[in-house]
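target_5.txt, holding compact mmCIF, N, CA and C atoms and all ligand atoms:
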```txt
# COMPACT_ATOMS: atom_id res chain seq x y z
N MET A 1 16.54 -6.13 -7.34
CA MET A 1 15.09 -6.27 -7.42
C MET A 1 14.72 -7.75 -7.48
N LYS A 2 13.77 -8.12 -6.65
CA LYS A 2 13.35 -9.51 -6.60
C LYS A 2 11.83 -9.56 -6.55
N THR A 3 11.23 -10.30 -7.46
CA THR A 3 9.77 -10.41 -7.45
C THR A 3 9.35 -11.34 -6.32
N LEU A 4 8.45 -10.86 -5.47
CA LEU A 4 7.95 -11.66 -4.35
C LEU A 4 6.65 -12.34 -4.72
N ALA A 5 5.85 -11.65 -5.52
CA ALA A 5 4.57 -12.22 -5.94
C ALA A 5 4.05 -11.43 -7.12
N LYS A 6 3.35 -12.12 -7.98
CA LYS A 6 2.76 -11.44 -9.13
C LYS A 6 1.52 -12.21 -9.55
N ALA A 7 0.45 -11.48 -9.83
CA ALA A 7 -0.77 -12.17 -10.24
C ALA A 7 -1.66 -11.25 -11.06
N THR A 8 -2.48 -11.84 -11.87
CA THR A 8 -3.54 -11.11 -12.55
C THR A 8 -4.82 -11.38 -11.78
N ILE A 9 -5.41 -10.30 -11.29
CA ILE A 9 -6.54 -10.37 -10.37
C ILE A 9 -7.82 -9.97 -11.11
N HIS A 10 -8.82 -10.84 -11.03
CA HIS A 10 -10.07 -10.57 -11.75
C HIS A 10 -11.24 -10.19 -10.84
N SER A 11 -11.05 -10.33 -9.55
CA SER A 11 -12.18 -10.06 -8.64
C SER A 11 -11.66 -9.74 -7.25
N LEU A 12 -12.54 -9.24 -6.41
CA LEU A 12 -12.15 -8.94 -5.03
C LEU A 12 -11.82 -10.23 -4.28
N THR A 13 -12.47 -11.32 -4.64
CA THR A 13 -12.17 -12.62 -4.00
C THR A 13 -10.74 -13.05 -4.34
N GLU A 14 -10.37 -12.87 -5.59
CA GLU A 14 -8.99 -13.21 -5.98
C GLU A 14 -7.99 -12.28 -5.28
N LEU A 15 -8.40 -11.03 -5.12
CA LEU A 15 -7.52 -10.08 -4.42
C LEU A 15 -7.31 -10.55 -2.98
N ASP A 16 -8.40 -11.00 -2.34
CA ASP A 16 -8.29 -11.49 -0.96
C ASP A 16 -7.34 -12.68 -0.86
N ASP A 17 -7.39 -13.57 -1.84
CA ASP A 17 -6.48 -14.72 -1.84
C ASP A 17 -5.03 -14.25 -1.99
N PHE A 18 -4.85 -13.29 -2.89
CA PHE A 18 -3.50 -12.79 -3.16
C PHE A 18 -2.93 -12.08 -1.93
N THR A 19 -3.71 -11.19 -1.32
CA THR A 19 -3.20 -10.45 -0.16
C THR A 19 -2.97 -11.40 1.03
N LYS A 20 -3.79 -12.45 1.10
CA LYS A 20 -3.60 -13.42 2.19
C LYS A 20 -2.22 -14.09 2.07
N SER A 21 -1.83 -14.38 0.83
CA SER A 21 -0.53 -15.02 0.60
C SER A 21 0.63 -14.09 0.95
N LEU A 22 0.33 -12.81 1.06
CA LEU A 22 1.40 -11.84 1.35
C LEU A 22 1.58 -11.57 2.84
N VAL A 23 0.62 -12.02 3.65
CA VAL A 23 0.69 -11.71 5.08
C VAL A 23 2.00 -12.22 5.70
N SER A 24 2.44 -13.39 5.26
CA SER A 24 3.67 -13.95 5.83
C SER A 24 4.92 -13.42 5.13
N VAL A 25 4.72 -12.69 4.04
CA VAL A 25 5.85 -12.17 3.26
C VAL A 25 6.22 -10.76 3.73
N VAL A 26 5.18 -9.99 3.99
CA VAL A 26 5.36 -8.59 4.37
C VAL A 26 5.49 -8.53 5.89
N LYS A 27 6.71 -8.31 6.33
CA LYS A 27 7.02 -8.38 7.77
C LYS A 27 6.95 -7.00 8.43
N PRO A 28 6.82 -6.96 9.77
CA PRO A 28 6.91 -5.67 10.45
C PRO A 28 8.20 -4.96 10.03
N GLY A 29 8.11 -3.67 9.84
CA GLY A 29 9.25 -2.89 9.39
C GLY A 29 9.28 -2.74 7.87
N SER A 30 8.50 -3.58 7.17
CA SER A 30 8.47 -3.46 5.71
C SER A 30 7.77 -2.17 5.30
N ILE A 31 8.36 -1.51 4.33
CA ILE A 31 7.77 -0.29 3.79
C ILE A 31 7.28 -0.62 2.38
N CYS A 32 5.95 -0.64 2.22
CA CYS A 32 5.36 -1.01 0.94
C CYS A 32 4.94 0.25 0.20
N LEU A 33 5.52 0.46 -0.95
CA LEU A 33 5.24 1.66 -1.73
C LEU A 33 4.40 1.29 -2.95
N PHE A 34 3.25 1.95 -3.09
CA PHE A 34 2.39 1.68 -4.24
C PHE A 34 2.78 2.54 -5.44
N TYR A 35 2.80 1.89 -6.59
CA TYR A 35 2.98 2.59 -7.86
C TYR A 35 1.81 2.19 -8.75
N ALA A 36 0.92 3.13 -8.96
CA ALA A 36 -0.31 2.81 -9.69
C ALA A 36 -1.01 4.10 -10.07
N GLU A 37 -1.88 3.99 -11.06
CA GLU A 37 -2.67 5.15 -11.47
C GLU A 37 -3.78 5.42 -10.47
N MET A 38 -4.39 6.57 -10.63
CA MET A 38 -5.53 6.92 -9.80
C MET A 38 -6.64 5.87 -9.97
N GLY A 39 -7.18 5.42 -8.86
CA GLY A 39 -8.29 4.48 -8.90
C GLY A 39 -7.90 3.06 -9.27
N ALA A 40 -6.62 2.77 -9.28
CA ALA A 40 -6.18 1.42 -9.69
C ALA A 40 -6.52 0.35 -8.65
N GLY A 41 -6.65 0.77 -7.40
CA GLY A 41 -7.02 -0.19 -6.37
C GLY A 41 -6.02 -0.27 -5.21
N LYS A 42 -5.34 0.82 -4.93
CA LYS A 42 -4.36 0.83 -3.83
C LYS A 42 -5.05 0.69 -2.48
N THR A 43 -6.05 1.54 -2.25
CA THR A 43 -6.76 1.49 -0.97
C THR A 43 -7.47 0.14 -0.82
N THR A 44 -8.01 -0.35 -1.92
CA THR A 44 -8.71 -1.65 -1.88
C THR A 44 -7.74 -2.77 -1.53
N PHE A 45 -6.51 -2.69 -2.03
CA PHE A 45 -5.48 -3.67 -1.69
C PHE A 45 -5.22 -3.65 -0.18
N VAL A 46 -5.06 -2.45 0.38
CA VAL A 46 -4.79 -2.34 1.82
C VAL A 46 -5.99 -2.86 2.62
N LYS A 47 -7.18 -2.51 2.15
CA LYS A 47 -8.40 -2.98 2.83
C LYS A 47 -8.43 -4.51 2.86
N SER A 48 -8.11 -5.12 1.74
CA SER A 48 -8.11 -6.58 1.65
C SER A 48 -7.02 -7.16 2.55
N PHE A 49 -5.84 -6.58 2.50
CA PHE A 49 -4.74 -7.08 3.35
C PHE A 49 -5.12 -6.98 4.83
N MET A 50 -5.68 -5.83 5.22
CA MET A 50 -6.02 -5.61 6.63
C MET A 50 -7.09 -6.57 7.12
N SER A 51 -7.94 -7.04 6.21
CA SER A 51 -8.98 -7.98 6.63
C SER A 51 -8.35 -9.25 7.19
N HIS A 52 -7.18 -9.61 6.69
CA HIS A 52 -6.49 -10.81 7.19
C HIS A 52 -5.85 -10.57 8.56
N LEU A 53 -5.72 -9.28 8.92
CA LEU A 53 -5.18 -8.94 10.25
C LEU A 53 -6.33 -8.66 11.22
N GLY A 54 -7.54 -8.96 10.78
CA GLY A 54 -8.70 -8.81 11.66
C GLY A 54 -9.27 -7.40 11.71
N ILE A 55 -8.85 -6.55 10.77
CA ILE A 55 -9.41 -5.19 10.72
C ILE A 55 -10.48 -5.18 9.63
N ASP A 56 -11.73 -4.97 10.04
CA ASP A 56 -12.85 -5.15 9.12
C ASP A 56 -13.07 -3.99 8.18
N SER A 57 -12.75 -2.80 8.64
CA SER A 57 -12.96 -1.70 7.71
C SER A 57 -11.85 -0.68 7.88
N ILE A 58 -11.42 -0.18 6.75
CA ILE A 58 -10.44 0.90 6.77
C ILE A 58 -11.02 2.04 5.96
N THR A 59 -10.46 3.21 6.14
CA THR A 59 -10.87 4.34 5.32
C THR A 59 -9.66 4.82 4.55
N SER A 60 -9.90 5.49 3.46
CA SER A 60 -8.80 6.01 2.65
C SER A 60 -8.09 7.12 3.41
N PRO A 61 -6.75 7.12 3.39
CA PRO A 61 -6.02 8.21 4.05
C PRO A 61 -5.85 9.45 3.17
N THR A 62 -6.63 9.55 2.10
CA THR A 62 -6.44 10.69 1.19
C THR A 62 -6.49 12.02 1.93
N TYR A 63 -7.43 12.15 2.87
CA TYR A 63 -7.57 13.43 3.58
C TYR A 63 -6.86 13.46 4.92
N THR A 64 -6.80 12.30 5.58
CA THR A 64 -6.14 12.25 6.89
C THR A 64 -4.62 12.14 6.73
N LEU A 65 -4.16 11.76 5.55
CA LEU A 65 -2.75 11.52 5.19
C LEU A 65 -2.17 10.26 5.83
N ILE A 66 -2.44 10.07 7.13
CA ILE A 66 -1.91 8.89 7.80
C ILE A 66 -3.01 8.26 8.65
N ASN A 67 -3.26 6.98 8.44
CA ASN A 67 -4.17 6.23 9.32
C ASN A 67 -3.35 5.16 10.03
N GLU A 68 -3.68 4.94 11.29
CA GLU A 68 -2.94 3.98 12.10
C GLU A 68 -3.88 2.86 12.54
N TYR A 69 -3.40 1.63 12.47
CA TYR A 69 -4.21 0.48 12.90
C TYR A 69 -3.44 -0.31 13.95
N HIS A 70 -4.10 -0.58 15.06
CA HIS A 70 -3.47 -1.34 16.13
C HIS A 70 -3.69 -2.82 15.92
N SER A 71 -3.28 -3.26 14.75
CA SER A 71 -3.38 -4.68 14.40
C SER A 71 -2.08 -5.36 14.80
N ASN A 72 -1.98 -6.62 14.48
CA ASN A 72 -0.75 -7.37 14.75
C ASN A 72 -0.21 -7.90 13.43
N PRO A 73 0.82 -7.31 12.83
CA PRO A 73 1.54 -6.13 13.31
C PRO A 73 0.72 -4.85 13.13
N PRO A 74 1.09 -3.82 13.90
CA PRO A 74 0.43 -2.52 13.70
C PRO A 74 0.81 -1.95 12.33
N VAL A 75 -0.09 -1.15 11.79
CA VAL A 75 0.07 -0.66 10.41
C VAL A 75 -0.12 0.86 10.34
N TYR A 76 0.74 1.50 9.57
CA TYR A 76 0.52 2.89 9.16
C TYR A 76 0.18 2.87 7.67
N HIS A 77 -0.94 3.43 7.34
CA HIS A 77 -1.38 3.53 5.95
C HIS A 77 -1.38 5.01 5.57
N MET A 78 -0.56 5.36 4.61
CA MET A 78 -0.38 6.77 4.26
C MET A 78 -0.75 7.02 2.80
N ASP A 79 -1.07 8.27 2.53
CA ASP A 79 -1.39 8.69 1.16
C ASP A 79 -0.74 10.04 0.92
N LEU A 80 0.17 10.08 -0.03
CA LEU A 80 0.94 11.30 -0.29
C LEU A 80 0.30 12.18 -1.36
N TYR A 81 -0.85 11.76 -1.88
CA TYR A 81 -1.42 12.43 -3.05
C TYR A 81 -1.57 13.94 -2.87
N ARG A 82 -2.03 14.33 -1.71
CA ARG A 82 -2.34 15.75 -1.51
C ARG A 82 -1.12 16.59 -1.15
N LEU A 83 0.02 15.96 -0.98
CA LEU A 83 1.23 16.71 -0.63
C LEU A 83 1.88 17.22 -1.92
N GLU A 84 1.90 18.52 -2.06
CA GLU A 84 2.24 19.07 -3.37
C GLU A 84 3.70 19.46 -3.54
N SER A 85 4.46 19.50 -2.46
CA SER A 85 5.85 19.90 -2.59
C SER A 85 6.74 18.98 -1.77
N GLU A 86 8.02 19.08 -2.05
CA GLU A 86 9.00 18.32 -1.29
C GLU A 86 8.94 18.73 0.18
N ALA A 87 8.75 20.04 0.41
CA ALA A 87 8.68 20.55 1.78
C ALA A 87 7.49 19.95 2.52
N ALA A 88 6.38 19.80 1.81
CA ALA A 88 5.17 19.23 2.44
C ALA A 88 5.42 17.78 2.83
N ILE A 89 6.14 17.06 1.98
CA ILE A 89 6.45 15.67 2.29
C ILE A 89 7.43 15.60 3.45
N ASP A 90 8.42 16.51 3.45
CA ASP A 90 9.38 16.56 4.56
C ASP A 90 8.66 16.79 5.89
N SER A 91 7.63 17.64 5.85
CA SER A 91 6.94 18.00 7.09
C SER A 91 6.16 16.82 7.67
N LEU A 92 5.95 15.80 6.87
CA LEU A 92 5.29 14.59 7.39
C LEU A 92 6.20 13.85 8.36
N ASP A 93 7.50 14.04 8.19
CA ASP A 93 8.51 13.38 9.01
C ASP A 93 8.40 11.85 8.92
N LEU A 94 8.53 11.36 7.70
CA LEU A 94 8.45 9.91 7.48
C LEU A 94 9.49 9.15 8.28
N GLU A 95 10.67 9.77 8.47
CA GLU A 95 11.74 9.12 9.23
C GLU A 95 11.25 8.72 10.62
N TYR A 96 10.47 9.61 11.21
CA TYR A 96 9.93 9.35 12.54
C TYR A 96 9.05 8.10 12.51
N TYR A 97 8.20 8.00 11.51
CA TYR A 97 7.32 6.83 11.42
C TYR A 97 8.13 5.57 11.13
N PHE A 98 9.06 5.69 10.18
CA PHE A 98 9.84 4.51 9.78
C PHE A 98 10.70 3.98 10.94
N SER A 99 11.04 4.84 11.89
CA SER A 99 11.85 4.40 13.04
C SER A 99 11.04 3.45 13.94
N GLN A 100 9.73 3.46 13.75
CA GLN A 100 8.88 2.54 14.52
C GLN A 100 8.80 1.21 13.76
N SER A 101 9.88 0.44 13.91
CA SER A 101 10.06 -0.71 13.02
C SER A 101 9.17 -1.89 13.36
N GLN A 102 8.36 -1.76 14.42
CA GLN A 102 7.38 -2.82 14.69
C GLN A 102 6.16 -2.66 13.76
N TYR A 103 6.09 -1.49 13.09
CA TYR A 103 4.96 -1.22 12.20
C TYR A 103 5.23 -1.72 10.79
N LEU A 104 4.14 -1.97 10.10
CA LEU A 104 4.17 -2.26 8.67
C LEU A 104 3.62 -1.00 7.99
N PHE A 105 4.21 -0.64 6.86
CA PHE A 105 3.84 0.62 6.20
C PHE A 105 3.28 0.36 4.81
N PHE A 106 2.17 1.03 4.51
CA PHE A 106 1.65 1.06 3.15
C PHE A 106 1.55 2.53 2.74
N ILE A 107 2.17 2.87 1.63
CA ILE A 107 2.18 4.27 1.22
C ILE A 107 1.64 4.40 -0.21
N GLU A 108 0.49 5.06 -0.32
CA GLU A 108 -0.08 5.34 -1.64
C GLU A 108 0.57 6.60 -2.22
N TRP A 109 0.69 6.64 -3.53
CA TRP A 109 1.30 7.76 -4.26
C TRP A 109 2.76 7.95 -3.87
N ALA A 110 3.49 6.83 -3.85
CA ALA A 110 4.92 6.86 -3.55
C ALA A 110 5.71 7.54 -4.67
N GLU A 111 5.05 7.76 -5.82
CA GLU A 111 5.71 8.49 -6.92
C GLU A 111 6.19 9.86 -6.43
N LYS A 112 5.56 10.34 -5.38
CA LYS A 112 5.92 11.67 -4.87
C LYS A 112 7.22 11.67 -4.08
N LEU A 113 7.71 10.50 -3.72
CA LEU A 113 8.95 10.42 -2.95
C LEU A 113 10.13 10.49 -3.91
N ILE A 114 11.09 11.35 -3.59
CA ILE A 114 12.29 11.36 -4.40
C ILE A 114 13.45 10.93 -3.51
N ASP A 115 14.49 10.41 -4.11
CA ASP A 115 15.65 9.94 -3.34
C ASP A 115 15.24 8.94 -2.26
N ILE A 116 14.74 7.81 -2.65
CA ILE A 116 14.38 6.79 -1.66
C ILE A 116 15.66 6.06 -1.26
N ASN A 117 16.04 6.24 0.00
CA ASN A 117 17.33 5.68 0.44
C ASN A 117 17.13 4.59 1.49
N PHE A 118 16.08 3.81 1.29
CA PHE A 118 15.82 2.70 2.21
C PHE A 118 15.27 1.55 1.38
N PRO A 119 15.47 0.31 1.85
CA PRO A 119 14.88 -0.81 1.12
C PRO A 119 13.36 -0.77 1.24
N TYR A 120 12.69 -1.17 0.19
CA TYR A 120 11.23 -1.14 0.25
C TYR A 120 10.65 -2.25 -0.62
N ILE A 121 9.37 -2.43 -0.45
CA ILE A 121 8.63 -3.37 -1.29
C ILE A 121 7.76 -2.54 -2.22
N SER A 122 7.97 -2.73 -3.49
CA SER A 122 7.16 -2.01 -4.47
C SER A 122 5.91 -2.83 -4.80
N ILE A 123 4.76 -2.18 -4.77
CA ILE A 123 3.51 -2.85 -5.19
C ILE A 123 2.98 -2.07 -6.38
N SER A 124 3.12 -2.64 -7.56
CA SER A 124 2.58 -1.94 -8.73
C SER A 124 1.27 -2.60 -9.13
N ILE A 125 0.30 -1.76 -9.44
CA ILE A 125 -1.01 -2.24 -9.88
C ILE A 125 -1.28 -1.62 -11.25
N THR A 126 -1.44 -2.48 -12.24
CA THR A 126 -1.71 -2.01 -13.59
C THR A 126 -3.06 -2.54 -14.02
N GLN A 127 -3.92 -1.65 -14.45
CA GLN A 127 -5.25 -2.10 -14.90
C GLN A 127 -5.19 -2.53 -16.35
N GLN A 128 -5.85 -3.64 -16.61
CA GLN A 128 -5.89 -4.16 -17.98
C GLN A 128 -7.30 -4.68 -18.20
N ASP A 129 -8.05 -3.98 -19.03
CA ASP A 129 -9.48 -4.26 -19.20
C ASP A 129 -10.13 -4.26 -17.81
N SER A 130 -10.77 -5.36 -17.43
CA SER A 130 -11.43 -5.34 -16.12
C SER A 130 -10.59 -6.05 -15.07
N SER A 131 -9.35 -6.40 -15.43
CA SER A 131 -8.50 -7.06 -14.43
C SER A 131 -7.33 -6.17 -14.04
N ARG A 132 -6.58 -6.64 -13.06
CA ARG A 132 -5.45 -5.86 -12.55
C ARG A 132 -4.24 -6.76 -12.41
N ILE A 133 -3.12 -6.29 -12.90
CA ILE A 133 -1.87 -7.04 -12.72
C ILE A 133 -1.17 -6.42 -11.52
N ILE A 134 -0.93 -7.24 -10.52
CA ILE A 134 -0.28 -6.75 -9.30
C ILE A 134 1.08 -7.41 -9.17
N ASP A 135 2.10 -6.59 -9.06
CA ASP A 135 3.48 -7.06 -8.94
C ASP A 135 4.06 -6.56 -7.63
N VAL A 136 4.52 -7.48 -6.82
CA VAL A 136 5.10 -7.13 -5.53
C VAL A 136 6.58 -7.50 -5.58
N SER A 137 7.44 -6.52 -5.47
CA SER A 137 8.87 -6.75 -5.62
C SER A 137 9.68 -6.08 -4.52
N LEU A 138 10.77 -6.73 -4.18
CA LEU A 138 11.70 -6.18 -3.20
C LEU A 138 12.68 -5.29 -3.93
N ARG A 139 12.87 -4.07 -3.45
CA ARG A 139 13.79 -3.13 -4.12
C ARG A 139 14.91 -2.72 -3.19
N1 LIG A 201 -9.14 -5.97 -7.34
C1 LIG A 201 -10.26 -5.29 -7.55
N2 LIG A 201 -11.34 -5.88 -8.09
C2 LIG A 201 -12.46 -5.18 -8.32
N3 LIG A 201 -12.62 -3.86 -8.04
C3 LIG A 201 -11.58 -3.21 -7.51
C4 LIG A 201 -10.35 -3.88 -7.24
N4 LIG A 201 -9.47 -2.97 -6.74
C5 LIG A 201 -10.14 -1.80 -6.70
N5 LIG A 201 -11.40 -1.93 -7.15
C6 LIG A 201 -12.40 -0.85 -7.27
O1 LIG A 201 -11.80 0.26 -7.91
C7 LIG A 201 -12.21 1.49 -7.32
C8 LIG A 201 -11.01 2.32 -6.90
O2 LIG A 201 -10.29 1.61 -5.91
P1 LIG A 201 -9.39 2.33 -4.82
O3 LIG A 201 -10.08 3.44 -4.16
O4 LIG A 201 -8.85 1.23 -3.99
O5 LIG A 201 -8.22 2.93 -5.75
P2 LIG A 201 -6.97 3.80 -5.33
O6 LIG A 201 -5.86 3.36 -6.21
O7 LIG A 201 -6.73 3.76 -3.86
O8 LIG A 201 -7.47 5.25 -5.75
P3 LIG A 201 -6.77 6.67 -5.43
O9 LIG A 201 -5.75 6.84 -6.52
O10 LIG A 201 -7.91 7.64 -5.57
O11 LIG A 201 -6.20 6.60 -4.06
C9 LIG A 201 -13.12 1.11 -6.16
O12 LIG A 201 -14.45 1.24 -6.57
C10 LIG A 201 -12.81 -0.36 -5.89
O13 LIG A 201 -13.88 -1.07 -5.37
MG MG A 202 -6.54 5.33 -2.49
```

For the file at hand, write its structure as structure tokens.
Amino acid sequence: MKTLAKATIHSLTELDDFTKSLVSVVKPGSICLFYAEMGAGKTTFVKSFMSHLGIDSITSPTYTLINEYHSNPPVYHMDLYRLESEAAIDSLDLEYYFSQSQYLFFIEWAEKLIDINFPYISISITQQDSSRIIDVSLR
């Protein structure tokens, strides 16, 4: 485990600065797994990150499960929250998506994944009063 970046974020402007610093760190093929409570700011993090790739608006993948962006690099933004069983997660066929190594991956509710057998970047967001501690680590 190696910490790539860590910050206490007090505003959306600070979040934008933080995600901007990650654009050169998170390379195509990187699988970023979020670990955070409900409403901690996972989708907001992706929205902020995508703004640096020239994508002005994103929507939450809570209902679509997977959103795709033809940015540079292209991005798959996924949300596992609604998948209630291991079989449901299997049916997503993550292997198929991960084989597209030109893509960058952001996955909300990675807590649902068991037996992670690939290297990934963990993004944990912890709320503390009105701020958020964001830790980005290589696992
Ligand atoms: N860094 C931040 N600064 C200020 N507000 C934020 C920040 N991050 C998130 N928020 C606010 O918190 C709320 C929830 O954010 P968001 O939807 O991104 O959370 P989430 O973790 O994706 O939630 P879910 O668990 O439902 O997927 C939104 O109103 C958003 O604007
Ligand atoms: Mg979300």

Spatial neighbours of Ser11 in chain A, max dist 8 Å, only N, CA and C atoms, sep filter under 5 positions, as a PyMOL selection string: chain A and resi 16-17+130-132

Pick from A:Phe98, A:Tyr81, A:Phe118, A:Trp109 nearest to Thr64 in chain A, counting only C-alpha atoms: A:Tyr81

Proximity to Ile89 in chain A - best of A:Gly54, A:Leu113, A:Val75, A:Ala36, only N, CA and C atoms: A:Leu113

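Relative to CA of Ser124 in chain A, atom N of Leu22 in chain A is found at 14.8 Å.
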
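All residues, whether protein, DNA or RNA, that have an atom at most 5 Å from ligand LIG 201 (chain A) (counting only N, CA and C atoms and all ligand atoms) are Ser11, Leu12, Glu37, Met38, Gly39, Ala40, Gly41, Lys42, Thr43, Thr44 and Phe45 of chain A.
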
Ser21 in chain A surroundings by only C-alpha atoms, 12 Å radius, close-in-sequence under 3 positions cut, as number ranges by chain: A: 4-7, 14-18, 24-26, 48-49, 52, 136

Please produce a file of the residues just selected, as a PDB file, in the frame of the given file, where the atoms kept are N, CA and C atoms.
```
ATOM      1  N   LEU A   4       8.450 -10.860  -5.470  1.00  0.00           N
ATOM      2  CA  LEU A   4       7.950 -11.660  -4.350  1.00  0.00           C
ATOM      3  C   LEU A   4       6.650 -12.340  -4.720  1.00  0.00           C
ATOM      4  N   ALA A   5       5.850 -11.650  -5.520  1.00  0.00           N
ATOM      5  CA  ALA A   5       4.570 -12.220  -5.940  1.00  0.00           C
ATOM      6  C   ALA A   5       4.050 -11.430  -7.120  1.00  0.00           C
ATOM      7  N   LYS A   6       3.350 -12.120  -7.980  1.00  0.00           N
ATOM      8  CA  LYS A   6       2.760 -11.440  -9.130  1.00  0.00           C
ATOM      9  C   LYS A   6       1.520 -12.210  -9.550  1.00  0.00           C
ATOM     10  N   ALA A   7       0.450 -11.480  -9.830  1.00  0.00           N
ATOM     11  CA  ALA A   7      -0.770 -12.170 -10.240  1.00  0.00           C
ATOM     12  C   ALA A   7      -1.660 -11.250 -11.060  1.00  0.00           C
ATOM     13  N   GLU A  14     -10.370 -12.870  -5.590  1.00  0.00           N
ATOM     14  CA  GLU A  14      -8.990 -13.210  -5.980  1.00  0.00           C
ATOM     15  C   GLU A  14      -7.990 -12.280  -5.280  1.00  0.00           C
ATOM     16  N   LEU A  15      -8.400 -11.030  -5.120  1.00  0.00           N
ATOM     17  CA  LEU A  15      -7.520 -10.080  -4.420  1.00  0.00           C
ATOM     18  C   LEU A  15      -7.310 -10.550  -2.980  1.00  0.00           C
ATOM     19  N   ASP A  16      -8.400 -11.000  -2.340  1.00  0.00           N
ATOM     20  CA  ASP A  16      -8.290 -11.490  -0.960  1.00  0.00           C
ATOM     21  C   ASP A  16      -7.340 -12.680  -0.860  1.00  0.00           C
ATOM     22  N   ASP A  17      -7.390 -13.570  -1.840  1.00  0.00           N
ATOM     23  CA  ASP A  17      -6.480 -14.720  -1.840  1.00  0.00           C
ATOM     24  C   ASP A  17      -5.030 -14.250  -1.990  1.00  0.00           C
ATOM     25  N   PHE A  18      -4.850 -13.290  -2.890  1.00  0.00           N
ATOM     26  CA  PHE A  18      -3.500 -12.790  -3.160  1.00  0.00           C
ATOM     27  C   PHE A  18      -2.930 -12.080  -1.930  1.00  0.00           C
ATOM     28  N   SER A  24       2.440 -13.390   5.260  1.00  0.00           N
ATOM     29  CA  SER A  24       3.670 -13.950   5.830  1.00  0.00           C
ATOM     30  C   SER A  24       4.920 -13.420   5.130  1.00  0.00           C
ATOM     31  N   VAL A  25       4.720 -12.690   4.040  1.00  0.00           N
ATOM     32  CA  VAL A  25       5.850 -12.170   3.260  1.00  0.00           C
ATOM     33  C   VAL A  25       6.220 -10.760   3.730  1.00  0.00           C
ATOM     34  N   VAL A  26       5.180  -9.990   3.990  1.00  0.00           N
ATOM     35  CA  VAL A  26       5.360  -8.590   4.370  1.00  0.00           C
ATOM     36  C   VAL A  26       5.490  -8.530   5.890  1.00  0.00           C
ATOM     37  N   SER A  48      -8.110  -5.120   1.740  1.00  0.00           N
ATOM     38  CA  SER A  48      -8.110  -6.580   1.650  1.00  0.00           C
ATOM     39  C   SER A  48      -7.020  -7.160   2.550  1.00  0.00           C
ATOM     40  N   PHE A  49      -5.840  -6.580   2.500  1.00  0.00           N
ATOM     41  CA  PHE A  49      -4.740  -7.080   3.350  1.00  0.00           C
ATOM     42  C   PHE A  49      -5.120  -6.980   4.830  1.00  0.00           C
ATOM     43  N   HIS A  52      -7.180  -9.610   6.690  1.00  0.00           N
ATOM     44  CA  HIS A  52      -6.490 -10.810   7.190  1.00  0.00           C
ATOM     45  C   HIS A  52      -5.850 -10.570   8.560  1.00  0.00           C
ATOM     46  N   VAL A 136       4.520  -7.480  -6.820  1.00  0.00           N
ATOM     47  CA  VAL A 136       5.100  -7.130  -5.530  1.00  0.00           C
ATOM     48  C   VAL A 136       6.580  -7.500  -5.580  1.00  0.00           C
TER      49      VAL A 136
END
```

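Take the candidates A:Met50, A:Ala87, A:Met78, A:Ile31 and check each one against ligand MG 202 (chain A) using only C-alpha atoms and all ligand atoms; the shortest distance goes to A:Met78.
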
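Considering the residues A:Tyr96, A:Tyr35, A:Tyr103, A:Tyr69 and counting only C-alpha atoms, Ile55 in chain A has its shortest atom-to-atom contact with A:Tyr69.
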
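Take the candidates A:Pro73, A:Ile9, A:Tyr97, A:Ile107 and check each one against ligand MG 202 (chain A) using only C-alpha atoms and all ligand atoms; the shortest distance goes to A:Ile107.
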
Those of range 7-135 of chain A in DSSP strand (DSSP E), formatted as a ChimeraX atom specification: /A:7-9,31-36,66-69,75-79,104-108,121-128,131-135

Atomic distance CA of Asn67 in chain A - CA of Gln127 in chain A, expressed in Å with one decimal: 25.6 Å

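When only C-alpha atoms are used to compute distances to Phe105 in chain A, the closest of the residues A:Thr62, A:Ser51, A:Ser91, A:Ser122 turns out to be A:Ser122.
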
Expected answer as an NGL selection string: all residues with atoms within 8 Å of (15.3, -10.9, -5.5), all atoms listed in the file: :A and (1-4 or 137-139)

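As for atom C of Thr8 in chain A and atom N of Ile133 in chain A, they are spaced 5.5 Å apart.
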
Per-residue DSSP, range 65-115 of chain A, filtered to alpha helix (DSSP H), as a PyMOL selection string: chain A and resi 86-92+94-98
